[in-house]
$ cat model-v8.txt   # compact mmCIF, C-alpha atoms
# COMPACT_ATOMS: atom_id res chain seq x y z
CA MET K 1 0.00 0.00 0.00
CA ILE K 2 0.97 3.65 -0.24
CA PRO K 3 3.51 4.54 2.43
CA GLY K 4 2.35 7.06 5.00
CA ALA K 5 -1.23 6.99 3.84
CA LEU K 6 -2.64 4.98 6.67
CA ARG K 7 -2.95 6.75 9.99
CA GLU K 8 -4.73 4.10 11.92
CA ALA K 9 -6.68 0.95 11.26
CA VAL K 10 -9.27 -0.43 13.63
CA ALA K 11 -10.92 -3.81 13.33
CA ARG K 12 -13.87 -4.25 15.63
CA ASP K 13 -16.93 -6.48 15.51
CA GLY K 14 -15.84 -7.82 12.18
CA GLU K 15 -15.73 -4.38 10.59
CA THR K 16 -12.63 -2.57 9.49
CA ILE K 17 -12.21 1.17 9.82
CA VAL K 18 -9.26 2.89 8.21
CA TYR K 19 -8.23 6.43 9.11
CA VAL K 20 -6.60 8.38 6.32
CA PRO K 21 -5.13 11.92 6.33
CA ARG K 22 -7.07 14.08 3.95
CA GLU K 23 -4.08 14.88 1.75
CA ARG K 24 -3.75 11.21 0.89
CA LEU K 25 -7.44 10.39 0.57
CA LEU K 26 -7.57 10.38 -3.21
CA ASP K 27 -4.45 8.19 -3.49
CA VAL K 28 -5.86 5.68 -1.05
CA MET K 29 -9.27 5.62 -2.70
CA THR K 30 -7.75 5.15 -6.15
CA TRP K 31 -5.59 2.34 -4.79
CA LEU K 32 -8.56 0.69 -3.11
CA LYS K 33 -10.65 0.84 -6.23
CA GLU K 34 -8.13 -0.16 -8.83
CA THR K 35 -5.74 -2.60 -7.19
CA PRO K 36 -6.51 -6.23 -7.98
CA GLY K 37 -7.29 -7.95 -4.73
CA GLN K 38 -8.95 -4.84 -3.34
CA ASP K 39 -11.57 -4.09 -6.03
CA PHE K 40 -13.76 -1.78 -3.99
CA ASP K 41 -15.94 -0.96 -6.95
CA TYR K 42 -19.02 0.28 -5.10
CA LEU K 43 -19.31 3.39 -2.96
CA VAL K 44 -22.20 2.68 -0.61
CA ASP K 45 -22.40 5.99 1.20
CA VAL K 46 -20.57 9.15 2.10
CA THR K 47 -21.54 10.78 5.34
CA ALA K 48 -20.06 12.82 8.16
CA VAL K 49 -20.10 12.82 11.94
CA GLU K 50 -19.58 15.66 14.35
CA TYR K 51 -19.32 14.58 17.96
CA ARG K 52 -20.68 16.39 20.95
CA ASP K 53 -17.21 16.28 22.43
CA ARG K 54 -15.64 19.43 20.97
CA GLU K 55 -12.12 17.96 21.07
CA ARG K 56 -12.99 15.15 18.74
CA PRO K 57 -12.52 15.95 15.07
CA LEU K 58 -15.30 15.96 12.51
CA GLU K 59 -15.18 12.76 10.51
CA ILE K 60 -16.04 12.18 6.87
CA VAL K 61 -16.98 8.52 6.50
CA TYR K 62 -16.84 6.53 3.27
CA PHE K 63 -18.51 3.13 3.10
CA LEU K 64 -16.93 0.99 0.42
CA ARG K 65 -17.97 -2.41 -0.83
CA SER K 66 -16.35 -4.82 -3.18
CA LEU K 67 -19.08 -6.59 -5.07
CA LYS K 68 -16.62 -9.16 -6.35
CA ARG K 69 -15.02 -10.04 -3.05
CA ARG K 70 -18.12 -9.36 -0.94
CA ALA K 71 -16.03 -7.31 1.43
CA ASP K 72 -16.79 -4.03 3.20
CA LEU K 73 -14.45 -1.29 4.30
CA ARG K 74 -15.00 1.96 6.12
CA VAL K 75 -12.63 4.83 5.40
CA LYS K 76 -12.61 7.86 7.65
CA VAL K 77 -11.01 11.28 7.22
CA GLU K 78 -10.69 13.42 10.30
CA LEU K 79 -11.10 17.19 9.96
CA GLN K 80 -10.57 19.79 12.66
CA ALA K 81 -13.75 21.81 12.94
CA SER K 82 -11.70 24.95 13.62
CA GLU K 83 -9.94 24.73 10.28
CA ASP K 84 -11.18 24.88 6.73
CA LEU K 85 -13.42 21.92 6.09
CA TRP K 86 -12.40 20.40 2.78
CA VAL K 87 -11.58 17.04 1.30
CA ASP K 88 -10.98 15.93 -2.26
CA SER K 89 -14.02 14.70 -4.09
CA VAL K 90 -14.12 11.03 -5.05
CA TRP K 91 -16.55 11.80 -7.85
CA GLY K 92 -13.82 10.94 -10.34
CA LEU K 93 -13.70 7.39 -8.99
CA TRP K 94 -17.34 6.70 -8.22
CA ARG K 95 -19.98 8.79 -10.04
CA GLY K 96 -22.40 7.93 -7.25
CA ALA K 97 -20.51 10.26 -4.98
CA ASP K 98 -22.18 13.22 -6.69
CA TRP K 99 -25.31 13.50 -4.59
CA LEU K 100 -23.76 11.91 -1.50
CA GLU K 101 -21.11 14.60 -1.32
CA ARG K 102 -23.67 17.28 -2.04
CA GLU K 103 -25.65 16.08 0.96
CA VAL K 104 -22.60 16.24 3.23
CA PHE K 105 -21.87 19.71 1.88
CA ASP K 106 -25.47 20.75 2.51
CA MET K 107 -25.66 19.43 6.06
CA PHE K 108 -22.08 19.99 7.30
CA GLY K 109 -20.56 22.64 5.04
CA VAL K 110 -17.67 20.45 3.95
CA THR K 111 -16.18 21.51 0.61
CA PHE K 112 -15.43 18.66 -1.77
CA ARG K 113 -12.66 19.84 -4.06
CA GLY K 114 -13.13 18.80 -7.64
CA HIS K 115 -16.82 18.09 -7.29
CA PRO K 116 -18.53 19.06 -10.57
CA ASP K 117 -21.69 20.59 -9.10
CA LEU K 118 -21.39 21.28 -5.41
CA ARG K 119 -24.61 22.93 -4.26
CA ARG K 120 -27.27 22.26 -1.69
CA ILE K 121 -29.43 19.23 -2.27
CA LEU K 122 -31.86 18.91 0.67
CA MET K 123 -32.20 22.53 1.68
CA TRP K 124 -32.98 25.04 -1.03
CA GLU K 125 -30.28 26.94 -2.84
CA THR K 126 -30.90 30.25 -1.07
CA TYR K 127 -31.10 28.75 2.43
CA ALA K 128 -29.14 31.20 4.56
CA GLU K 129 -29.18 29.78 8.07
CA GLY K 130 -26.07 27.65 7.79
CA TYR K 131 -25.42 23.94 7.95
CA PRO K 132 -28.12 22.17 9.99
CA LEU K 133 -26.26 19.10 11.22
CA ARG K 134 -23.33 21.01 12.70
CA LYS K 135 -23.28 21.00 16.48
CA SER K 136 -23.15 24.81 16.50
CA PHE K 137 -26.49 24.96 14.67
CA PRO K 138 -29.49 25.59 16.96
CA LEU K 139 -32.20 22.96 16.66
CA ARG K 140 -34.87 25.38 15.49
CA GLY K 141 -32.64 27.29 13.12
CA ARG K 142 -31.19 30.76 13.45
CA PHE K 143 -34.12 32.83 12.23
CA SER K 144 -37.45 33.35 13.92
CA ARG K 145 -40.37 31.21 12.85
CA ALA K 146 -42.01 34.18 11.17
CA GLU K 147 -38.88 34.87 9.16
CA GLN K 148 -38.59 31.23 8.19
CA VAL K 149 -42.21 31.18 7.05
CA ARG K 150 -41.70 34.41 5.12
CA GLN K 151 -38.63 33.08 3.33
CA ALA K 152 -40.34 29.77 2.61
CA LEU K 153 -43.51 31.36 1.25
CA ASN K 154 -41.55 33.76 -0.92
CA ALA K 155 -39.33 31.04 -2.32
CA ASN K 156 -39.80 30.19 -5.95
CA PRO K 157 -39.55 26.40 -5.99
CA GLU K 158 -39.49 26.03 -9.73
CA ALA K 159 -36.47 28.27 -10.08
CA HIS K 160 -34.10 25.85 -8.36
CA TYR K 161 -34.39 22.61 -10.24
CA SER K 162 -31.19 22.54 -12.25
CA LEU K 163 -28.39 24.81 -13.32
CA GLU K 164 -29.51 24.68 -16.93
CA GLU K 165 -32.96 25.89 -15.98
CA LEU K 166 -31.56 28.34 -13.48
CA SER K 167 -29.69 30.24 -16.14
CA ILE K 168 -33.00 31.24 -17.71
CA ALA K 169 -35.19 31.36 -14.62
CA ASP K 170 -36.48 34.62 -13.24
CA ALA K 171 -35.00 33.76 -9.86
CA ALA K 172 -31.46 34.27 -11.08
CA GLY K 173 -31.41 37.49 -9.10
CA ASP K 174 -31.62 35.85 -5.68
CA LEU K 175 -28.89 33.26 -6.16
CA PRO K 176 -25.60 33.39 -4.30
CA ASP K 177 -22.99 35.44 -6.12
CA GLU K 178 -20.52 32.65 -6.77
CA MET K 179 -23.27 30.51 -8.24
CA ARG K 180 -24.40 33.29 -10.55
CA ASP K 181 -20.80 33.62 -11.71
CA ARG K 182 -20.67 29.94 -12.50
CA LEU K 183 -23.84 30.25 -14.53
CA ARG K 184 -22.49 33.27 -16.34
CA ARG K 185 -19.43 31.29 -17.35
CA GLY K 186 -21.80 28.75 -18.82
CA GLU K 187 -20.30 25.80 -17.01
CA ARG K 188 -21.88 23.21 -14.77
CA GLY K 189 -19.68 24.62 -12.12
CA VAL K 190 -16.35 24.08 -10.45
CA ILE K 191 -16.21 25.25 -6.87
CA PRO K 192 -13.38 27.78 -6.58
CA GLU K 193 -10.51 26.76 -4.36
CA PRO K 194 -10.72 28.33 -0.91
CA PRO K 195 -8.13 31.11 -0.66
CA SER K 196 -6.48 29.86 2.56
CA SER K 197 -5.51 26.35 1.49
CA SER K 198 -2.58 24.90 3.31
CA MET M 1 -93.48 45.71 13.53
CA LYS M 2 -95.82 43.94 11.20
CA ARG M 3 -98.11 41.15 12.07
CA VAL M 4 -96.76 37.65 11.78
CA GLY M 5 -99.54 36.46 9.61
CA GLU M 6 -98.87 39.09 6.95
CA VAL M 7 -97.85 37.04 3.96
CA HIS M 8 -96.89 40.07 1.87
CA SER M 9 -94.30 41.30 4.34
CA SER M 10 -91.12 41.73 2.32
CA ASN M 11 -88.90 41.16 5.35
CA TYR M 12 -90.47 37.87 6.14
CA LEU M 13 -90.33 36.59 2.59
CA LEU M 14 -86.82 37.82 1.99
CA ALA M 15 -85.46 36.14 5.10
CA LYS M 16 -87.02 32.86 4.18
CA PHE M 17 -85.68 33.21 0.66
CA HIS M 18 -82.13 33.69 1.99
CA ASP M 19 -82.50 30.69 4.19
CA LEU M 20 -83.80 28.63 1.32
CA VAL M 21 -80.94 29.61 -0.96
CA ASP M 22 -78.38 29.03 1.75
CA TRP M 23 -79.89 25.67 2.55
CA ALA M 24 -79.82 24.58 -1.10
CA VAL M 25 -76.34 25.90 -1.80
CA ASN M 26 -74.78 24.64 1.43
CA SER M 27 -76.35 21.20 1.17
CA SER M 28 -75.07 20.84 -2.35
CA ARG M 29 -71.61 21.94 -1.36
CA ALA M 30 -71.36 19.93 1.82
CA ASN M 31 -72.64 16.72 0.32
CA SER M 32 -70.43 16.68 -2.73
CA LEU M 33 -67.02 17.79 -1.49
CA TRP M 34 -64.18 16.93 -3.82
CA PRO M 35 -61.05 16.46 -1.76
CA MET M 36 -57.59 17.38 -2.94
CA PRO M 37 -55.31 14.97 -1.08
CA PHE M 38 -51.97 16.45 -0.09
CA GLY M 39 -50.34 13.47 1.57
CA THR M 40 -46.78 13.89 2.78
CA ALA M 41 -46.34 11.24 5.47
CA CYS M 42 -47.95 8.44 7.45
CA CYS M 43 -51.25 10.33 7.76
CA ALA M 44 -51.62 9.78 4.02
CA ILE M 45 -51.79 6.03 4.68
CA GLU M 46 -54.73 6.57 7.01
CA PHE M 47 -56.21 8.91 4.45
CA MET M 48 -55.99 6.16 1.85
CA ALA M 49 -57.63 3.77 4.28
CA THR M 50 -60.42 6.29 4.73
CA ALA M 51 -60.89 6.45 0.99
CA ALA M 52 -60.83 2.68 0.54
CA SER M 53 -63.74 0.32 0.78
CA ARG M 54 -63.90 -0.41 4.52
CA PHE M 55 -64.38 3.21 5.61
CA ASP M 56 -65.18 4.71 2.23
CA PHE M 57 -65.65 8.45 2.49
CA ALA M 58 -67.56 8.33 -0.78
CA ARG M 59 -70.50 7.61 1.51
CA PHE M 60 -70.25 11.26 2.57
CA GLY M 61 -70.23 12.65 -0.92
CA MET M 62 -66.48 12.64 -1.47
CA GLU M 63 -66.84 10.28 -4.37
CA ARG M 64 -64.28 11.88 -6.57
CA GLN M 65 -60.79 12.68 -5.40
CA ALA M 66 -59.48 15.58 -7.40
CA PHE M 67 -55.80 15.27 -8.03
CA SER M 68 -55.92 18.65 -9.69
CA PRO M 69 -56.42 21.62 -7.37
CA ARG M 70 -58.55 23.35 -9.97
CA GLN M 71 -61.31 20.78 -9.53
CA ALA M 72 -61.20 20.46 -5.76
CA ASP M 73 -63.17 21.95 -2.87
CA VAL M 74 -61.33 20.75 0.19
CA LEU M 75 -57.59 20.49 0.65
CA ILE M 76 -56.68 17.69 3.05
CA CYS M 77 -53.11 18.11 4.23
CA ALA M 78 -52.16 14.67 5.59
CA GLY M 79 -48.70 14.72 7.08
CA ARG M 80 -45.92 17.04 8.18
CA LEU M 81 -45.09 19.97 5.97
CA PRO M 82 -41.45 21.01 5.57
CA PHE M 83 -40.61 24.61 4.72
CA LYS M 84 -39.55 23.44 1.29
CA LEU M 85 -43.16 22.43 0.58
CA ALA M 86 -44.70 25.61 2.02
CA PRO M 87 -44.80 27.51 -1.30
CA VAL M 88 -46.12 24.38 -2.98
CA ILE M 89 -49.14 23.94 -0.71
CA ARG M 90 -49.80 27.67 -0.84
CA ARG M 91 -49.86 27.58 -4.61
CA ILE M 92 -52.15 24.55 -4.61
CA TYR M 93 -54.46 26.40 -2.24
CA ASP M 94 -54.39 29.50 -4.43
CA GLN M 95 -55.23 27.43 -7.49
CA MET M 96 -58.35 25.94 -5.91
CA PRO M 97 -61.52 27.78 -6.92
CA GLN M 98 -63.75 29.43 -4.34
CA PRO M 99 -65.35 28.25 -2.15
CA LYS M 100 -62.61 26.09 -0.63
CA TRP M 101 -61.93 24.51 2.72
CA VAL M 102 -58.87 23.01 4.35
CA ILE M 103 -58.63 20.04 6.70
CA SER M 104 -55.38 19.73 8.62
CA MET M 105 -54.99 16.04 9.31
CA GLY M 106 -52.75 14.89 12.13
CA ALA M 107 -50.57 16.45 14.77
CA CYS M 108 -47.76 17.47 12.43
CA ALA M 109 -49.91 19.30 9.93
CA SER M 110 -51.78 21.04 12.74
CA THR M 111 -48.88 22.06 14.99
CA GLY M 112 -45.62 20.68 13.70
CA GLY M 113 -46.00 17.74 16.06
CA ILE M 114 -42.77 16.15 17.20
CA PHE M 115 -40.85 17.94 14.47
CA ASP M 116 -40.08 21.11 16.37
CA ASN M 117 -36.97 21.83 14.35
CA TYR M 118 -35.41 24.01 11.69
CA SER M 119 -37.00 22.40 8.67
CA MET M 120 -40.66 22.01 9.57
CA VAL M 121 -43.64 24.35 9.33
CA GLN M 122 -45.19 24.63 12.80
CA GLY M 123 -48.77 24.15 11.72
CA ILE M 124 -50.09 24.72 8.22
CA ASP M 125 -52.36 27.46 9.57
CA THR M 126 -49.31 29.72 9.23
CA ILE M 127 -49.52 29.08 5.47
CA VAL M 128 -53.20 28.53 4.60
CA PRO M 129 -56.42 29.11 6.57
CA VAL M 130 -57.55 25.86 8.21
CA ASP M 131 -61.18 24.92 8.88
CA VAL M 132 -60.91 21.61 10.71
CA TYR M 133 -57.99 20.22 12.69
CA VAL M 134 -58.00 16.45 13.08
CA PRO M 135 -55.81 15.40 16.02
CA GLY M 136 -53.95 12.13 16.17
CA CYS M 137 -50.64 10.65 15.23
CA PRO M 138 -51.90 9.53 12.81
CA PRO M 139 -55.68 9.89 13.25
CA ARG M 140 -57.71 6.76 12.65
CA PRO M 141 -60.03 6.81 9.63
CA GLU M 142 -62.94 7.35 12.01
CA GLY M 143 -61.18 10.49 13.18
CA LEU M 144 -60.87 11.85 9.69
CA LEU M 145 -64.50 10.96 8.96
CA TYR M 146 -65.53 12.83 12.09
CA GLY M 147 -63.50 15.81 10.88
CA ILE M 148 -65.23 15.65 7.52
CA LEU M 149 -68.63 15.58 9.23
CA LEU M 150 -67.62 18.59 11.29
CA LEU M 151 -66.68 20.33 8.07
CA HIS M 152 -70.12 19.48 6.69
CA LYS M 153 -71.64 21.10 9.74
CA LYS M 154 -69.49 24.16 9.29
CA ILE M 155 -70.37 24.47 5.61
CA LYS M 156 -74.08 24.21 6.42
CA GLY M 157 -73.70 27.17 8.77
CA GLU M 158 -72.33 29.44 6.09
CA SER M 159 -74.34 32.07 4.33
CA LEU M 160 -74.00 33.73 0.98
CA PHE M 161 -75.76 36.86 2.23
CA ASP M 162 -73.93 37.42 5.48
CA ALA M 163 -70.45 38.91 5.15
CA VAL M 164 -69.37 37.38 8.47
CA ARG M 165 -70.39 33.87 7.52
CA ARG M 166 -69.40 34.10 3.88
CA ARG M 167 -66.13 32.62 2.66
CA ASP M 168 -63.97 35.26 1.10
CA GLU M 169 -60.60 34.98 -0.55
CA GLN M 170 -57.75 35.12 1.95
CA PRO M 171 -54.74 36.29 -0.02
CA LEU M 172 -51.24 36.82 1.33
CA ASP M 173 -50.32 40.32 2.45
CA GLU M 174 -47.68 42.45 0.78
CA LYS M 175 -44.91 40.73 2.74
CA GLY M 176 -46.08 37.39 1.41
CA LEU M 177 -47.42 36.27 4.79
CA ARG M 178 -50.87 35.06 5.78
CA LEU M 179 -50.60 36.16 9.40
CA PRO M 180 -48.66 38.95 11.10
CA PRO M 181 -45.11 37.85 12.06
CA GLU M 182 -45.87 38.19 15.79
CA THR M 183 -48.80 35.81 15.45
CA ILE M 184 -46.70 33.26 13.61
CA ASP M 185 -44.04 33.41 16.29
CA GLU M 186 -46.68 33.07 18.98
CA ILE M 187 -48.44 30.04 17.55
CA SER M 188 -45.10 28.40 16.70
CA GLU M 189 -44.03 28.41 20.33
CA PRO M 190 -42.56 25.15 21.59
CA PHE M 191 -44.94 22.89 23.46
CA GLY M 192 -45.13 19.42 24.96
CA ASN M 193 -41.82 17.75 25.58
CA SER M 194 -39.84 20.57 24.09
CA VAL M 195 -40.96 23.41 26.38
CA HIS M 196 -37.61 23.34 28.11
CA GLN M 197 -35.73 24.06 24.93
CA PHE M 198 -35.07 27.56 23.72
CA ARG M 199 -34.18 28.98 20.37
CA SER M 200 -30.62 29.67 21.47
CA SER M 201 -29.96 26.17 22.78

$ encode --input "model-v8.txt" --output "structure tokens"
Amino acid sequence: MIPGALREAVARDGETIVYVPRERLLDVMTWLKETPGQDFDYLVDVTAVEYRDRERPLEIVYFLRSLKRRADLRVKVELQASEDLWVDSVWGLWRGADWLEREVFDMFGVTFRGHPDLRRILMWETYAEGYPLRKSFPLRGRFSRAEQVRQALNANPEAHYSLEELSIADAAGDLPDEMRDRLRRGERGVIPEPPSSS
Amino acid sequence: MKRVGEVHSSNYLLAKFHDLVDWAVNSSRANSLWPMPFGTACCAIEFMATAASRFDFARFGMERQAFSPRQADVLICAGRLPFKLAPVIRRIYDQMPQPKWVISMGACASTGGIFDNYSMVQGIDTIVPVDVYVPGCPPRPEGLLYGILLLHKKIKGESLFDAVRRRDEQPLDEKGLRLPPETIDEISEPFGNSVHQFRSS
């Protein structure tokens, strides 16, 4: 395997969890998918966990399965919640990561670098209260109920179906700036790199 | 005051005429309601049971379910309503022709129920005017039938000639709200198990 890529491996209750530093995630995932004898050809799920214990890092969890070998593997990437939350997208390896990573982005605010179309999937595009599954997010949201009702009633649901439709919809005015720029460039969208990447 | 026996009294005749028209119109309306089912969760299962042969709300004149809002009289919201669906149900309500009624079926549609969180409308009466609230989680079909009968009773008490008892259009105000913001905040207050939680927690 790739030297230095494995931080820690835990085998418990017949399940294997592998901890990987985020810089090496793409190498490890490519190796896991393409090496004969590994053959993890199916990405079951991508999700994230933030623990109530503030010292514990936020984890991005990948569930892999090899249909050939009938084997499962769990890969985890630990992110410090105080730093920039980003990992590399595995969309290039498994196309199914598209919506899974969008959901993690929507709920936790984790940026997946190289994702072709990273935008909210469960909440609407103009949702402004933050990322609901973060521990810092209040259960009832940040706005008052009246404000939430006002924003919901004034939303234009048809305007937010797809980027292609968005470019001609009359709701183009209330989109986030960076998204409008992407539309103006006529591309399906590449999320710009965060300025403070280390 | 004129004598009771005076047949040519215009007051007397006019009042009876109003009552007759109201009786005819309201009976027709109440006994042939066309429901627009808006099922979002488990209440919709009970709604389907109510529509099916054992309970069969066609017995109460709801023979035809209108899956188009333009041909419906009563909107039955069965299930919890997330904020993402709020403009959808409002548009469906706006597309229904007058006169129209709304039944809020179940705890979640009526109050938000157990979903006292960031994503859920705390009662559809913040979005559309509601005539009958059916409690339950979910209500049994008998409960929904009882709600429908209550709606019949309410419809039969309406009057075309009385501005108070007439059904008028209830559009959104200029801010796009049905109720004043203070009222929405007040009726969305936490209740039940969640009274000890606060917005900042």

$ closest_residue --input "model-v8.txt" --among "M:Val74, M:Leu150, M:Ala44, M:Ala52" --to "Pro99 of chain M" --atoms "only C-alpha atoms"
M:Val74

$ closest_atom_pairs --input "model-v8.txt" --of "chain M" --to "chain K" --cutoff "7 Å" --atoms "all atoms listed in the file" --output "CSV"
residue,atom,partner,partner_atom,distance
M:Phe83,CA,K:Ala152,CA,5.6
M:Lys84,CA,K:Ala152,CA,6.5
M:Ala86,CA,K:Leu153,CA,5.9
M:Pro87,CA,K:Leu153,CA,4.8
M:Asp116,CA,K:Arg140,CA,6.8
M:Asn117,CA,K:Arg140,CA,4.3
M:Tyr118,CA,K:Arg140,CA,4.1
M:Gly176,CA,K:Asn154,CA,6.3
M:Leu177,CA,K:Arg150,CA,6.0
M:Pro181,CA,K:Ala146,CA,4.9
M:Ile184,CA,K:Ala146,CA,5.4
M:Asp185,CA,K:Arg145,CA,5.5
M:Ser188,CA,K:Arg145,CA,6.7
M:Arg199,CA,K:Arg140,CA,6.1
M:Ser200,CA,K:Pro138,CA,6.2
M:Ser201,CA,K:Pro138,CA,5.9

$ write_last_selection --input "model-v8.txt" --atoms "C-alpha atoms" --output "mmCIF file, in the coordinates of the input"
data_model
loop_
_atom_site.group_PDB
_atom_site.id
_atom_site.type_symbol
_atom_site.label_atom_id
_atom_site.label_comp_id
_atom_site.auth_asym_id
_atom_site.auth_seq_id
_atom_site.Cartn_x
_atom_site.Cartn_y
_atom_site.Cartn_z
ATOM 1 C CA PHE M 83 -40.610 24.610 4.720
ATOM 2 C CA LYS M 84 -39.550 23.440 1.290
ATOM 3 C CA ALA M 86 -44.700 25.610 2.020
ATOM 4 C CA PRO M 87 -44.800 27.510 -1.300
ATOM 5 C CA ASP M 116 -40.080 21.110 16.370
ATOM 6 C CA ASN M 117 -36.970 21.830 14.350
ATOM 7 C CA TYR M 118 -35.410 24.010 11.690
ATOM 8 C CA GLY M 176 -46.080 37.390 1.410
ATOM 9 C CA LEU M 177 -47.420 36.270 4.790
ATOM 10 C CA PRO M 181 -45.110 37.850 12.060
ATOM 11 C CA ILE M 184 -46.700 33.260 13.610
ATOM 12 C CA ASP M 185 -44.040 33.410 16.290
ATOM 13 C CA SER M 188 -45.100 28.400 16.700
ATOM 14 C CA ARG M 199 -34.180 28.980 20.370
ATOM 15 C CA SER M 200 -30.620 29.670 21.470
ATOM 16 C CA SER M 201 -29.960 26.170 22.780
#

$ atom_distance --input "model-v8.txt" --atom1 "atom CA of Val90 of chain K" --atom2 "atom CA of Thr16 of chain K"
20.0 Å

$ atom_distance --input "model-v8.txt" --atom1 "atom CA of Leu172 of chain M" --atom2 "atom CA of Ile89 of chain M"
13.2 Å

$ atom_distance --input "model-v8.txt" --atom1 "atom CA of Val44 of chain K" --atom2 "atom CA of Arg65 of chain K"
6.6 Å

$ residues_around --input "model-v8.txt" --residues "Glu8 of chain K" --least-positions-apart "2" --cutoff "7 Å" --atoms "all atoms listed in the file" --output "mmCIF file with C-alpha atoms, in the frame of the given file"
data_model
loop_
_atom_site.group_PDB
_atom_site.id
_atom_site.type_symbol
_atom_site.label_atom_id
_atom_site.label_comp_id
_atom_site.auth_asym_id
_atom_site.auth_seq_id
_atom_site.Cartn_x
_atom_site.Cartn_y
_atom_site.Cartn_z
ATOM 1 C CA LEU K 6 -2.640 4.980 6.670
ATOM 2 C CA VAL K 10 -9.270 -0.430 13.630
ATOM 3 C CA VAL K 18 -9.260 2.890 8.210
ATOM 4 C CA TYR K 19 -8.230 6.430 9.110
#

$ build_atoms --input "model-v8.txt" --residues "segment 98-114 of chain K" --atoms "N, CA and C atoms" --output "mmCIF file, keeping the file's coordinate frame"
data_model
loop_
_atom_site.group_PDB
_atom_site.id
_atom_site.type_symbol
_atom_site.label_atom_id
_atom_site.label_comp_id
_atom_site.auth_asym_id
_atom_site.auth_seq_id
_atom_site.Cartn_x
_atom_site.Cartn_y
_atom_site.Cartn_z
ATOM 1 N N ASP K 98 -21.664 11.882 -6.364
ATOM 2 C CA ASP K 98 -22.180 13.220 -6.690
ATOM 3 C C ASP K 98 -23.168 13.714 -5.641
ATOM 4 N N TRP K 99 -24.281 13.031 -5.511
ATOM 5 C CA TRP K 99 -25.310 13.500 -4.590
ATOM 6 C C TRP K 99 -24.941 13.254 -3.141
ATOM 7 N N LEU K 100 -24.153 12.190 -2.882
ATOM 8 C CA LEU K 100 -23.760 11.910 -1.500
ATOM 9 C C LEU K 100 -22.907 13.043 -0.950
ATOM 10 N N GLU K 101 -21.967 13.507 -1.772
ATOM 11 C CA GLU K 101 -21.110 14.600 -1.320
ATOM 12 C C GLU K 101 -21.883 15.908 -1.246
ATOM 13 N N ARG K 102 -22.848 16.065 -2.142
ATOM 14 C CA ARG K 102 -23.670 17.280 -2.040
ATOM 15 C C ARG K 102 -24.454 17.288 -0.731
ATOM 16 N N GLU K 103 -24.900 16.117 -0.293
ATOM 17 C CA GLU K 103 -25.650 16.080 0.960
ATOM 18 C C GLU K 103 -24.752 16.427 2.142
ATOM 19 N N VAL K 104 -23.516 15.902 2.140
ATOM 20 C CA VAL K 104 -22.600 16.240 3.230
ATOM 21 C C VAL K 104 -22.285 17.731 3.194
ATOM 22 N N PHE K 105 -22.108 18.269 1.996
ATOM 23 C CA PHE K 105 -21.870 19.710 1.880
ATOM 24 C C PHE K 105 -23.071 20.486 2.421
ATOM 25 N N ASP K 106 -24.257 20.046 2.096
ATOM 26 C CA ASP K 106 -25.470 20.750 2.510
ATOM 27 C C ASP K 106 -25.626 20.734 4.024
ATOM 28 N N MET K 107 -25.372 19.588 4.631
ATOM 29 C CA MET K 107 -25.660 19.430 6.060
ATOM 30 C C MET K 107 -24.491 19.854 6.940
ATOM 31 N N PHE K 108 -23.237 19.724 6.447
ATOM 32 C CA PHE K 108 -22.080 19.990 7.300
ATOM 33 C C PHE K 108 -21.200 21.126 6.783
ATOM 34 N N GLY K 109 -21.409 21.566 5.557
ATOM 35 C CA GLY K 109 -20.560 22.640 5.040
ATOM 36 C C GLY K 109 -19.161 22.203 4.673
ATOM 37 N N VAL K 110 -18.977 20.933 4.370
ATOM 38 C CA VAL K 110 -17.670 20.450 3.950
ATOM 39 C C VAL K 110 -17.526 20.655 2.453
ATOM 40 N N THR K 111 -16.415 21.295 2.036
ATOM 41 C CA THR K 111 -16.180 21.510 0.610
ATOM 42 C C THR K 111 -15.501 20.291 0.016
ATOM 43 N N PHE K 112 -16.055 19.785 -1.069
ATOM 44 C CA PHE K 112 -15.430 18.660 -1.770
ATOM 45 C C PHE K 112 -14.746 19.204 -2.999
ATOM 46 N N ARG K 113 -13.409 19.236 -2.958
ATOM 47 C CA ARG K 113 -12.660 19.840 -4.060
ATOM 48 C C ARG K 113 -12.727 18.943 -5.287
ATOM 49 N N GLY K 114 -13.042 19.550 -6.402
ATOM 50 C CA GLY K 114 -13.130 18.800 -7.640
ATOM 51 C C GLY K 114 -14.506 18.251 -7.911
#
